[in-house]
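The structure under discussion appears below in the form of structure tokens.
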Amino acid sequence: MQLSEILRQNLNSVLDEIECARQRSQFAAETVRLVAVTKYAQPEWVAALSRLHPVFGENRPQQLSDRAAELPQQEWHLIGHLQRNKVRLAVTAAALIHSVDSLRLLQAIAAAAESTNAAPAVLLQVNLSRESEKSGFSTQEIQELWPEILQYSSRIRLQGLMTMAAATEDPEQARPVFRELRELRDLLNQHPQSAACKLQLSELSMGMSGDFVPAVEEGATLVRVGSRLFAGLDGE
Ligand SMILES: *Cc1c(COP(=O)(O)O)cnc(C)c1O
């Protein structure tokens, strides 16, 4: 089978599963966008997929920036950890940064936004699986820091929350983490200062190849899927 045919089949089966999950759950969002994660994909796969799907995610700012220069019509999201020395690159090249995992990083993004006159869109990464190797705010931290975080909402477009569940064989094991992220978003939206700042978080970035179905059922608005899209291609 041809590259483009394999990609089309993989893409359609993922999109179908997203839509079925969306329709059967009362907690599902009205629209769910697929972020096709291209971090391990060969350049020709990325080019072929760009003719089928408009939103791509990359882990590293440099690769994102390089690939965005090749395919500027795509919408590029940064999904991986961002170091403060790469903030300017991310702010200029990414349409959405999913992985803001500390107040210091948020401050650095605000400074870069100021100096480049950009208005970056970001998600705050929350560590709900409580694995120490995963980065992100804890539930308690984000609630305590919320008034401080809101101070950046004039310069930065705070659009929602992102999380990663622990890797498991059984996607159902991830469901409580996804539910917790939705409940946390709703809680932050009810904070009196959110209303005062006219801020409502709408996005929930959650779910990957192994667990996007329960993520959609629990309200994901963005799912980040990589390996499922490139299955059956050499090197995958
Ligand atoms: C790689 C990656 C994904 C996609 O993972 P797959 O299991 O290949 O779908 C999603 N989110 C983040 C943050 C990633 O680093």
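Ligands are numbered from 1 in the order shown, residues from 1 within each chain, and chains are lettered A, B, ... in the order they appear in the structure tokens.
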Handout entry: Within 7 Å of ligand 1 (only C-alpha atoms and all ligand atoms), residues as a list of chain:residue names
Key =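 I would give the residues around ligand 1 as A:Val37, A:Lys39, A:Asn59, A:Ile79, A:Gly80, A:Met164, A:Met208, A:Ser209, A:Gly210, A:Arg224, A:Val225, A:Gly226, A:Ser227, A:Arg228.
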Just-selected residues, all heavy atoms written as a short mmCIF file (atom, residue, chain, number, x, y, z; two decimals), in the first residue's frame:
data_model
loop_
_atom_site.label_atom_id
_atom_site.label_comp_id
_atom_site.auth_asym_id
_atom_site.auth_seq_id
_atom_site.Cartn_x
_atom_site.Cartn_y
_atom_site.Cartn_z
N VAL A 37 0.79 14.03 16.22
CA VAL A 37 2.13 14.20 16.80
C VAL A 37 3.17 13.60 15.86
O VAL A 37 3.20 12.40 15.62
CB VAL A 37 2.21 13.57 18.20
CG1 VAL A 37 3.63 13.67 18.76
CG2 VAL A 37 1.22 14.24 19.14
N LYS A 39 6.60 13.90 16.09
CA LYS A 39 7.97 13.95 16.62
C LYS A 39 8.86 12.82 16.11
O LYS A 39 10.04 13.00 15.92
CB LYS A 39 7.96 13.97 18.14
CG LYS A 39 7.36 12.74 18.78
CD LYS A 39 7.34 12.84 20.30
CE LYS A 39 6.66 11.62 20.88
NZ LYS A 39 6.17 11.81 22.23
N ASN A 59 7.50 17.83 19.90
CA ASN A 59 8.01 17.87 21.26
C ASN A 59 9.07 18.92 21.50
O ASN A 59 9.22 19.42 22.60
CB ASN A 59 8.67 16.52 21.56
CG ASN A 59 7.87 15.74 22.54
OD1 ASN A 59 6.68 15.92 22.58
ND2 ASN A 59 8.52 14.89 23.30
N ILE A 79 4.16 20.40 22.26
CA ILE A 79 3.55 19.56 23.29
C ILE A 79 4.57 19.09 24.33
O ILE A 79 4.18 18.55 25.36
CB ILE A 79 2.84 18.34 22.67
CG1 ILE A 79 3.84 17.46 21.90
CG2 ILE A 79 1.70 18.80 21.75
CD1 ILE A 79 3.27 16.12 21.51
N GLY A 80 5.86 19.27 24.08
CA GLY A 80 6.89 18.75 24.98
C GLY A 80 7.44 19.83 25.90
O GLY A 80 7.15 21.02 25.76
N MET A 164 -0.89 14.35 31.03
CA MET A 164 -0.50 13.04 30.49
C MET A 164 -0.81 12.01 31.55
O MET A 164 -0.39 12.16 32.70
CB MET A 164 1.01 13.00 30.22
CG MET A 164 1.43 13.74 28.97
SD MET A 164 3.22 13.83 28.86
CE MET A 164 3.56 12.24 28.10
N MET A 208 -3.62 10.19 24.32
CA MET A 208 -2.59 9.88 23.32
C MET A 208 -3.03 8.60 22.61
O MET A 208 -4.17 8.16 22.77
CB MET A 208 -1.23 9.72 23.99
CG MET A 208 -0.99 10.73 25.08
SD MET A 208 0.67 10.99 25.74
CE MET A 208 1.59 9.55 25.41
N SER A 209 -2.14 7.98 21.83
CA SER A 209 -2.55 6.80 21.05
C SER A 209 -3.25 5.75 21.89
O SER A 209 -4.25 5.17 21.48
CB SER A 209 -1.34 6.16 20.36
OG SER A 209 -0.91 7.00 19.32
N GLY A 210 -2.73 5.48 23.10
CA GLY A 210 -3.26 4.38 23.90
C GLY A 210 -4.50 4.72 24.70
O GLY A 210 -5.15 3.82 25.23
N ARG A 224 -3.73 14.27 21.51
CA ARG A 224 -2.38 14.29 20.91
C ARG A 224 -2.00 12.86 20.52
O ARG A 224 -1.64 12.07 21.37
CB ARG A 224 -1.37 14.85 21.91
CG ARG A 224 -1.80 16.15 22.58
CD ARG A 224 -0.77 16.58 23.63
NE ARG A 224 -0.47 15.53 24.58
CZ ARG A 224 -1.10 15.36 25.74
NH1 ARG A 224 -2.05 16.17 26.12
NH2 ARG A 224 -0.76 14.35 26.53
N VAL A 225 -2.13 12.54 19.24
CA VAL A 225 -1.94 11.16 18.81
C VAL A 225 -0.80 11.07 17.81
O VAL A 225 -0.80 11.76 16.78
CB VAL A 225 -3.24 10.60 18.19
CG1 VAL A 225 -3.02 9.20 17.63
CG2 VAL A 225 -4.36 10.60 19.22
N GLY A 226 0.19 10.22 18.13
CA GLY A 226 1.34 10.03 17.25
C GLY A 226 1.38 8.65 16.64
O GLY A 226 1.01 8.43 15.49
N SER A 227 1.81 7.66 17.45
CA SER A 227 2.14 6.34 16.88
C SER A 227 0.99 5.68 16.13
O SER A 227 1.22 5.02 15.12
CB SER A 227 2.69 5.42 17.98
OG SER A 227 1.94 5.54 19.15
N ARG A 228 -0.24 5.86 16.56
CA ARG A 228 -1.37 5.26 15.85
C ARG A 228 -1.46 5.74 14.40
O ARG A 228 -1.89 5.01 13.51
CB ARG A 228 -2.70 5.63 16.55
CG ARG A 228 -3.22 4.64 17.58
CD ARG A 228 -3.81 3.38 16.98
NE ARG A 228 -4.97 3.57 16.11
CZ ARG A 228 -6.23 3.61 16.51
NH1 ARG A 228 -6.52 3.47 17.78
NH2 ARG A 228 -7.21 3.78 15.65
#
Problem - Shell around Arg84 in chain A at 9 Å using only C-alpha atoms, local window under 2 positions removed, as number ranges by chain - result: A: 82, 86-88, 104-105, 108-109
Handout entry: Counting only C-alpha atoms, the option among A:Gln190, A:Ile149, A:Leu233, A:Gly219 closest to Gln23 in chain A
Key = A:Gly219
Exercise for the section: May I have the residues within 10 Å of Met162 in chain A as a list in words, using only C-alpha atoms and disregarding those fewer than 6 positions away in the same chain? Expected result: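 Counting only C-alpha atoms, the residues come to Ile79, Ile97, His98, Ser99, Val100, Asp101, Val122, Leu123, Leu124, Gln125, Val126, Asn127, Leu128, Gly136, Phe178, Leu181, Arg182, Arg185, Glu203, Leu204, Ser205, Met206, Gly207, Ala220, Leu222 and Val223 of chain A.
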Written selection (C-alpha atoms) as a CSV table (one decimal), in the first residue's frame:
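Resulting contents of selection_17.csv:
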chain,number,residue,atom,x,y,z
A,79,ILE,CA,3.6,19.6,23.3
A,97,ILE,CA,2.1,25.7,23.7
A,98,HIS,CA,0.5,22.8,25.6
A,99,SER,CA,3.3,22.3,28.1
A,100,VAL,CA,3.6,25.3,30.5
A,101,ASP,CA,4.6,23.5,33.6
A,122,VAL,CA,-0.8,28.4,26.2
A,123,LEU,CA,-2.1,25.5,28.2
A,124,LEU,CA,-1.0,24.8,31.8
A,125,GLN,CA,0.4,21.3,32.2
A,126,VAL,CA,-0.9,19.5,35.3
A,127,ASN,CA,0.7,16.4,36.8
A,128,LEU,CA,-2.2,14.3,37.9
A,136,GLY,CA,3.6,20.0,35.6
A,178,PHE,CA,-8.9,12.8,32.6
A,181,LEU,CA,-8.5,17.4,34.7
A,182,ARG,CA,-12.0,18.3,33.6
A,185,ARG,CA,-10.7,23.2,34.8
A,203,GLU,CA,-9.4,23.6,26.3
A,204,LEU,CA,-8.5,20.2,27.7
A,205,SER,CA,-5.5,18.6,26.0
A,206,MET,CA,-5.5,14.9,27.1
A,207,GLY,CA,-5.3,11.5,25.5
A,220,ALA,CA,-10.9,16.4,25.8
A,222,LEU,CA,-7.5,18.3,22.0
A,223,VAL,CA,-6.1,14.8,21.7
Problem - Nearest to Ile142 in chain A by atom-to-atom distance, counting only C-alpha atoms, from A:Arg179, A:Arg51, A:His191, A:Arg33 - result: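 Comparing A:Arg179, A:Arg51, A:His191, A:Arg33 against Ile142 in chain A, the winner is A:His191.
One finds CA of Arg155 in chain A at 18.7 Å from CA of Leu78 in chain A.
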Practice task
Please identify which residues in range 8-92 of chain A DSSP calls helix (DSSP H, G or I) from the backbone, and express them as number ranges by chain.
Solution key: A: 8-24, 43-50, 61-70, 84-92
Handout entry: Counting only C-alpha atoms, the residue of A:Arg67, A:Lys134, A:Arg8, A:His81 that sits nearest Ala47 in chain A
Key =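 Nearest candidate to Ala47 in chain A out of A:Arg67, A:Lys134, A:Arg8, A:His81: A:Arg67.
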DSSP strand (DSSP E) residues within range 147-192 of chain A, listed as an mmCIF file with N, CA and C atoms, in the first residue's frame:
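Below is the file that was written, out-v2.cif:
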data_model
loop_
_atom_site.group_PDB
_atom_site.id
_atom_site.type_symbol
_atom_site.label_atom_id
_atom_site.label_comp_id
_atom_site.auth_asym_id
_atom_site.auth_seq_id
_atom_site.Cartn_x
_atom_site.Cartn_y
_atom_site.Cartn_z
ATOM 1 N N ARG A 157 -2.523 34.311 26.240
ATOM 2 C CA ARG A 157 -3.872 33.734 26.146
ATOM 3 C C ARG A 157 -3.878 32.367 26.843
ATOM 4 N N LEU A 158 -4.387 32.349 28.067
ATOM 5 C CA LEU A 158 -4.479 31.104 28.847
ATOM 6 C C LEU A 158 -5.734 30.367 28.394
ATOM 7 N N GLN A 159 -5.553 29.275 27.663
ATOM 8 C CA GLN A 159 -6.724 28.650 27.043
ATOM 9 C C GLN A 159 -7.208 27.376 27.708
ATOM 10 N N GLY A 160 -6.378 26.779 28.564
ATOM 11 C CA GLY A 160 -6.853 25.546 29.191
ATOM 12 C C GLY A 160 -5.747 24.769 29.869
ATOM 13 N N LEU A 161 -6.013 23.485 30.062
ATOM 14 C CA LEU A 161 -5.119 22.600 30.812
ATOM 15 C C LEU A 161 -4.713 21.401 29.960
ATOM 16 N N MET A 162 -3.554 20.854 30.283
ATOM 17 C CA MET A 162 -3.049 19.664 29.593
ATOM 18 C C MET A 162 -2.567 18.663 30.631
#
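Excluding Asn10 in chain A and any residue on its chain fewer than 4 positions from it, the residues at most 12 Å away by only C-alpha atoms are Leu3, Ser4, Glu5, Ile6, Val14, Leu15, Asp16, Glu17, Ala36, Leu49, Leu52, His53, Ser209, Val225, Gly226, Ser227, Arg228, Leu229, Phe230, Ala231, Gly232 and Leu233 of chain A.
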Problem - Long-range neighbours of Leu71 in chain A as JSON, numbers by chain, 10 Å cut-off, only C-alpha atoms, 6 positions minimum in chain - result: {"A": [46, 47, 50, 65]}
Exercise for the section: Considering only C-alpha atoms, state which residue in the set A:Gln42, A:Ser129, A:Gln193, A:Thr163 is at the smallest distance from Gln63 in chain A. Expected result: A:Gln42
Exercise for the section: Skip Lys198 in chain A itself and residues of its chain fewer than 4 positions away, then list as a PyMOL selection string all residues within 10 Å of it, counting only C-alpha atoms. Expected result: chain A and resi 150+153+189+192-194
Practice task
List the neighbours of Arg22 in chain A out to 9 Å using only C-alpha atoms; skip same-chain residues closer than 2 positions along the sequence, and give me the result as a list in words.
Solution key: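 Everything that qualifies: Glu17, Ile18, Glu19, Cys20, Arg24, Ser25, Gln26, Phe27, Ala28, Ala29, Glu30, Thr31, Val32, Val213, Val216, Glu217, Glu218 and Gly219 of chain A.
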Exercise for the section: Could you please determine the separation between CA of Ala121 in chain A and CA of Ala95 in chain A in Å, to one decimal place? Expected result: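 Straight-line distance from CA of Ala121 in chain A to CA of Ala95 in chain A works out to 6.7 Å.
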